[in-house]
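S.K.: Attaching a single structure in structure tokens format; questions to follow.
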Amino acid sequence: MSLALLTGTALTAPLVLNAPAAAAGDAAEPYTVSALKVTVRAGDRNCTVDADLYRPRGVDAAHPAPAVLTTNGFGGSKADGSTDATARALAARGYVALAYSGLGFGRTGCPISLDDPAIDGRAASRLIDVLAGSRAADDGTRVDFVAEDRPGDPRVGMIGGSYGGAIQMATAAVDHRVDALVPLITWNDLAYSLTPNNIGRTDGVGGAVPGAYKHQWTNGFFLIGEAQGLLHPRLDPSRAGELGCLHFVAPACRTKRLLESRKYPADETRAMLQYARSVSPVSYLKSVKAPTLLVQGQADTLFNLNEATATYRTLAAQGTPVKMIWQSWGHSGGMKDPVKGELDLARGNLDTSYVGRRILAWFDRYLRHRTATDTGPAFAYYRDWVTSGPTYATSSAFPAGGSRRLYLSGDGRLVDSRAEVVRGTRAYRNLRVPTSHSENSLAGLVGVPDFQPYDIKGTYLDWTSAPVTGGPLDVVGAPKVTLRVHSPQAEREQNSSDAADKLVLFVKLYDVAPDGRKALVHRLVAPARVPDVTRAFTVELPGIVHRYQPGHRLRLVIAASDTAYAGNRGVKGVSVASAPEDGGVLELPVTRGVVP
């Protein structure tokens, strides 16, 4: 969904496919580009899909090649720099590439339906029919140069980021002709993405109760969707939205209205969660059999690493071939200008980046059937502290490394044994306005300024470790904290019919330098709506890859609010008690070093 995935200029070329295709651009290009229009049935509407077909020179009915389907991030089109560059890079390597504008974007019809498998997935399946030669484009043109596994079953993969990532799994769930997937920086459960609750995961990455409304991210993309009429004033009438929204389907419109109400009445909330999950991989991964290379970004507060982890675990458990890479960039940074050596979709540097080479190997193995191709380790992650040598570490299994524990002491320390815990109780309370700041969610997208993270005294609690000694400490994965809180007001509202009355906490990890400067790792925070304040609970923080250098300290913070989220309704005081026999525990996934 990044704006880096939303820019580009449209390609135009004559539609001649069975005869030698007309070139788009310089005649020396190793491929030709032709424009396609394909009208498909999408849900209860017919809409025309706008696409470009990239055909390598020398590929014809006698010399077919496998195909790759790709589409845009939210708000973009087939002409985005990243979508176009990826298609060109693959075509230059001998793959037929079909880049198309997703439903509701560019010059493609139908309202935005959030990659619904029954709508967006079925529409993509009709494009696979075109690649199979069993369906003609609107002008009668047929494609006859895509390699097949059997008649009507073209050898086809998919690649794309964010909104163009989830569509891959939606398509593969309804059409098992898809042979390989490469979803980048996408979601597992939109209910978690938009209202994250890091307590009580029941299926995938989400739970039974919505958490804190992520209003900055949600409003940004809703406005992008509604602005499509301004960006494309001659829209197809099929693009008209429903239920008062200009360009969204009715269930998406109802979801946005409920979130904006800041209320979670039982029936409406249940319907919202069911809808958000119905358009999310969490609900249909059981039907995804295509080998999947997951790529997720470490700098991503929209779709954090836990989303890819949940998808990875589900696919691996059911036997779907799957591997996972945690790259440096995501929606919150690095997309427009990746660090040297990282995949840059706008440049299509597949040959010269670690992730790009892994993608090419994945397609070689599963589309060209080169069974000897090494597709790499099960898990790889980017290390931003490496200045020379390989920046990616690898593991034959996920998770990598082991687990270490620290204990929350009543004097504000993180200690390495229960025997060191000091008995004591500490308290904070929220105000009616946000008193903590983690990020301006759109800063990574549009480059607007952002403040450093802060917490106002009296509205948070923190626990700090001793300095790291004996070498660096590498944390790779999702930390967890188990604790018990006391909140009289939350207890009085415990049985409210509105889940919005339940207590919300915001949990996060800082890195504190020897000079006292602190950094919130990738500005990540874990909102948690406590299901029952009378019981202990566990909060799973977003996954991180971070090195705590010698002399640095870990600081765990529990805050009352955050500017990027809707938080508590009403003022709620909170206290946390610590004792050697019963206190909070911080669990860290560690690949190197000793916890101080």
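Naming works like this for the structure tokens: A, B, ... for the chains as they're shown, residue 1 at the start of each chain, ligands 1 onward in shown order.
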Please give the complete set of residues from stretch 173-363 of chain A that DSSP, run on the backbone, assigns to alpha helix (DSSP H), formatted as a VMD selection string.

M.R.: chain A and resid 173 to 174 190 to 194 215 to 226 228 to 231 250 to 261 266 to 278 281 to 284 305 to 317 354 to 363

S.K.: Among stretch 326-499 of chain A, which residues does DSSP mark as strand (DSSP E or B) when it is run on the backbone? Keep the chain and numbering as in the structure and answer as a PyMOL selection string.

M.R.: chain A and resi 326-327+330+333+379-382+392-395+402-408+413-415+424-429+436-437+454-455+460-464+473-477+480-483+486+498

S.K.: So how far away is atom CA of A:Pro281 from atom CA of A:Gly319, in Å?

M.R.: 16.1 Å

S.K.: Might you pull out every residue within 7 Å of stretch 274-279 of chain A, with only C-alpha atoms counted and same-chain residues fewer than 3 positions away left off, and present them as an mmCIF file with N, CA and C atoms, in the first residue's frame?

M.R.:
data_model
loop_
_atom_site.group_PDB
_atom_site.id
_atom_site.type_symbol
_atom_site.label_atom_id
_atom_site.label_comp_id
_atom_site.auth_asym_id
_atom_site.auth_seq_id
_atom_site.Cartn_x
_atom_site.Cartn_y
_atom_site.Cartn_z
ATOM 1 N N LEU A 114 -11.131 -4.754 -1.259
ATOM 2 C CA LEU A 114 -10.121 -5.183 -0.277
ATOM 3 C C LEU A 114 -9.577 -6.586 -0.527
ATOM 4 N N ASP A 115 -9.341 -6.908 -1.793
ATOM 5 C CA ASP A 115 -8.755 -8.202 -2.159
ATOM 6 C C ASP A 115 -9.612 -9.377 -1.701
ATOM 7 N N ASP A 116 -10.899 -9.210 -1.783
ATOM 8 C CA ASP A 116 -11.849 -10.275 -1.441
ATOM 9 C C ASP A 116 -11.638 -11.448 -2.404
ATOM 10 N N PRO A 117 -11.391 -12.665 -1.898
ATOM 11 C CA PRO A 117 -11.181 -13.792 -2.827
ATOM 12 C C PRO A 117 -12.376 -14.060 -3.724
ATOM 13 N N ASP A 189 -4.350 -10.692 8.639
ATOM 14 C CA ASP A 189 -5.697 -10.460 9.165
ATOM 15 C C ASP A 189 -5.926 -8.953 9.256
ATOM 16 N N LEU A 190 -6.800 -8.421 8.399
ATOM 17 C CA LEU A 190 -7.067 -6.984 8.401
ATOM 18 C C LEU A 190 -7.680 -6.519 9.716
ATOM 19 N N ALA A 191 -8.391 -7.399 10.424
ATOM 20 C CA ALA A 191 -8.927 -7.011 11.719
ATOM 21 C C ALA A 191 -7.792 -6.657 12.671
ATOM 22 N N PRO A 251 -19.658 -3.554 2.735
ATOM 23 C CA PRO A 251 -19.091 -4.052 3.999
ATOM 24 C C PRO A 251 -17.851 -3.285 4.437
ATOM 25 N N ARG A 270 -18.934 -8.152 15.926
ATOM 26 C CA ARG A 270 -18.813 -9.511 15.390
ATOM 27 C C ARG A 270 -18.883 -9.493 13.869
ATOM 28 N N ALA A 271 -19.815 -8.725 13.321
ATOM 29 C CA ALA A 271 -19.944 -8.632 11.863
ATOM 30 C C ALA A 271 -18.702 -7.990 11.248
ATOM 31 N N VAL A 282 -6.045 -15.100 6.605
ATOM 32 C CA VAL A 282 -6.311 -15.942 7.770
ATOM 33 C C VAL A 282 -7.528 -16.833 7.553
ATOM 34 N N SER A 283 -8.490 -16.386 6.755
ATOM 35 C CA SER A 283 -9.725 -17.158 6.582
ATOM 36 C C SER A 283 -9.645 -18.191 5.465
#

S.K.: Suppose you want the space between atom CA of A:Ala380 and atom CA of A:Arg405; what is it in Å?

M.R.: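 Separating atom CA of A:Ala380 from atom CA of A:Arg405 is a distance of 24.0 Å.
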
S.K.: I'd like the neighbourhood of stretch 239-246 of chain A as a ChimeraX atom specification, where a residue qualifies if any of its atoms comes within 9 Å (using only C-alpha atoms), though same-chain residues fewer than 6 positions away should be ignored.

M.R.: /A:47,103-105,108-112,225-229,252-254

S.K.: Smallest atom-to-atom distance to A:Ala28: which of A:Leu231, A:Val545, A:Leu473, A:Ala92, using only C-alpha atoms?

M.R.: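 Among A:Leu231, A:Val545, A:Leu473, A:Ala92, it is A:Ala92 that comes nearest to A:Ala28.
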
S.K.: For A:Ala393, which residue among A:Ile325, A:Leu408, A:Val521, A:Leu294 is the nearest when counting only C-alpha atoms?

M.R.: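 Closest residue, counting only C-alpha atoms: A:Ile325.
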
S.K.: What lies within 7 Å of A:Ala166 using only C-alpha atoms, ignoring chain neighbours under 4 positions off, as an mmCIF file with C-alpha atoms, in the first residue's frame?

M.R.:
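Heads up, here's the output in out08.cif:
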data_model
loop_
_atom_site.group_PDB
_atom_site.id
_atom_site.type_symbol
_atom_site.label_atom_id
_atom_site.label_comp_id
_atom_site.auth_asym_id
_atom_site.auth_seq_id
_atom_site.Cartn_x
_atom_site.Cartn_y
_atom_site.Cartn_z
ATOM 1 C CA ASP A 115 -8.755 -8.202 -2.159
ATOM 2 C CA SER A 162 1.023 -4.806 0.067
ATOM 3 C CA ALA A 170 -6.828 -14.655 -2.544
ATOM 4 C CA PRO A 183 3.683 -11.714 -1.501
ATOM 5 C CA THR A 186 1.104 -7.748 3.159
ATOM 6 C CA TRP A 187 -1.427 -8.721 5.802
#

S.K.: Report as an mmCIF file with C-alpha atoms, in the first residue's frame all protein, DNA and RNA residues lying within 9 Å of A:Arg432, evaluated on only C-alpha atoms, omitting residues in the same chain fewer than 2 positions from it.

M.R.:
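File written: selection12.cif
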data_model
loop_
_atom_site.group_PDB
_atom_site.id
_atom_site.type_symbol
_atom_site.label_atom_id
_atom_site.label_comp_id
_atom_site.auth_asym_id
_atom_site.auth_seq_id
_atom_site.Cartn_x
_atom_site.Cartn_y
_atom_site.Cartn_z
ATOM 1 C CA ASN A 430 -4.442 7.909 31.300
ATOM 2 C CA PRO A 434 -2.997 11.008 24.023
ATOM 3 C CA THR A 435 0.084 11.321 26.229
ATOM 4 C CA ASN A 568 -9.111 4.051 26.368
ATOM 5 C CA ARG A 569 -12.637 5.377 26.687
ATOM 6 C CA GLY A 570 -12.714 7.231 29.995
ATOM 7 C CA VAL A 571 -10.003 7.640 32.616
#

S.K.: When you count only C-alpha atoms, which of these residues is closest to A:Asn440: A:Arg523, A:Arg535, A:Arg404, A:Arg592?

M.R.: A:Arg523

S.K.: Skipping near chain neighbours, those fewer than 5 positions away, what residues fall within 9 Å of stretch 257-259 of chain A using only C-alpha atoms, listed as a PyMOL selection string?

M.R.: chain A and resi 194-195+213+215+252+264+268-269+272

S.K.: Measuring atom to atom with only C-alpha atoms, identify which of A:Ala62, A:Phe222, A:Ala132, A:Thr311 is nearest to A:Met169.

M.R.: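 Between A:Ala62, A:Phe222, A:Ala132, A:Thr311, the residue approaching A:Met169 most closely is A:Thr311.
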
S.K.: When you count only C-alpha atoms, which of these residues is closest to A:Asp416: A:Val594, A:Ala564, A:Val96, A:Val504?

M.R.: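 Closest to A:Asp416 of all the choices is A:Val594.
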
S.K.: In terms of the shortest atom-to-atom distance over only C-alpha atoms, which of A:Gly211, A:Arg370, A:Asn198, A:Pro30 is closest to A:Lys263?

M.R.: A:Gly211
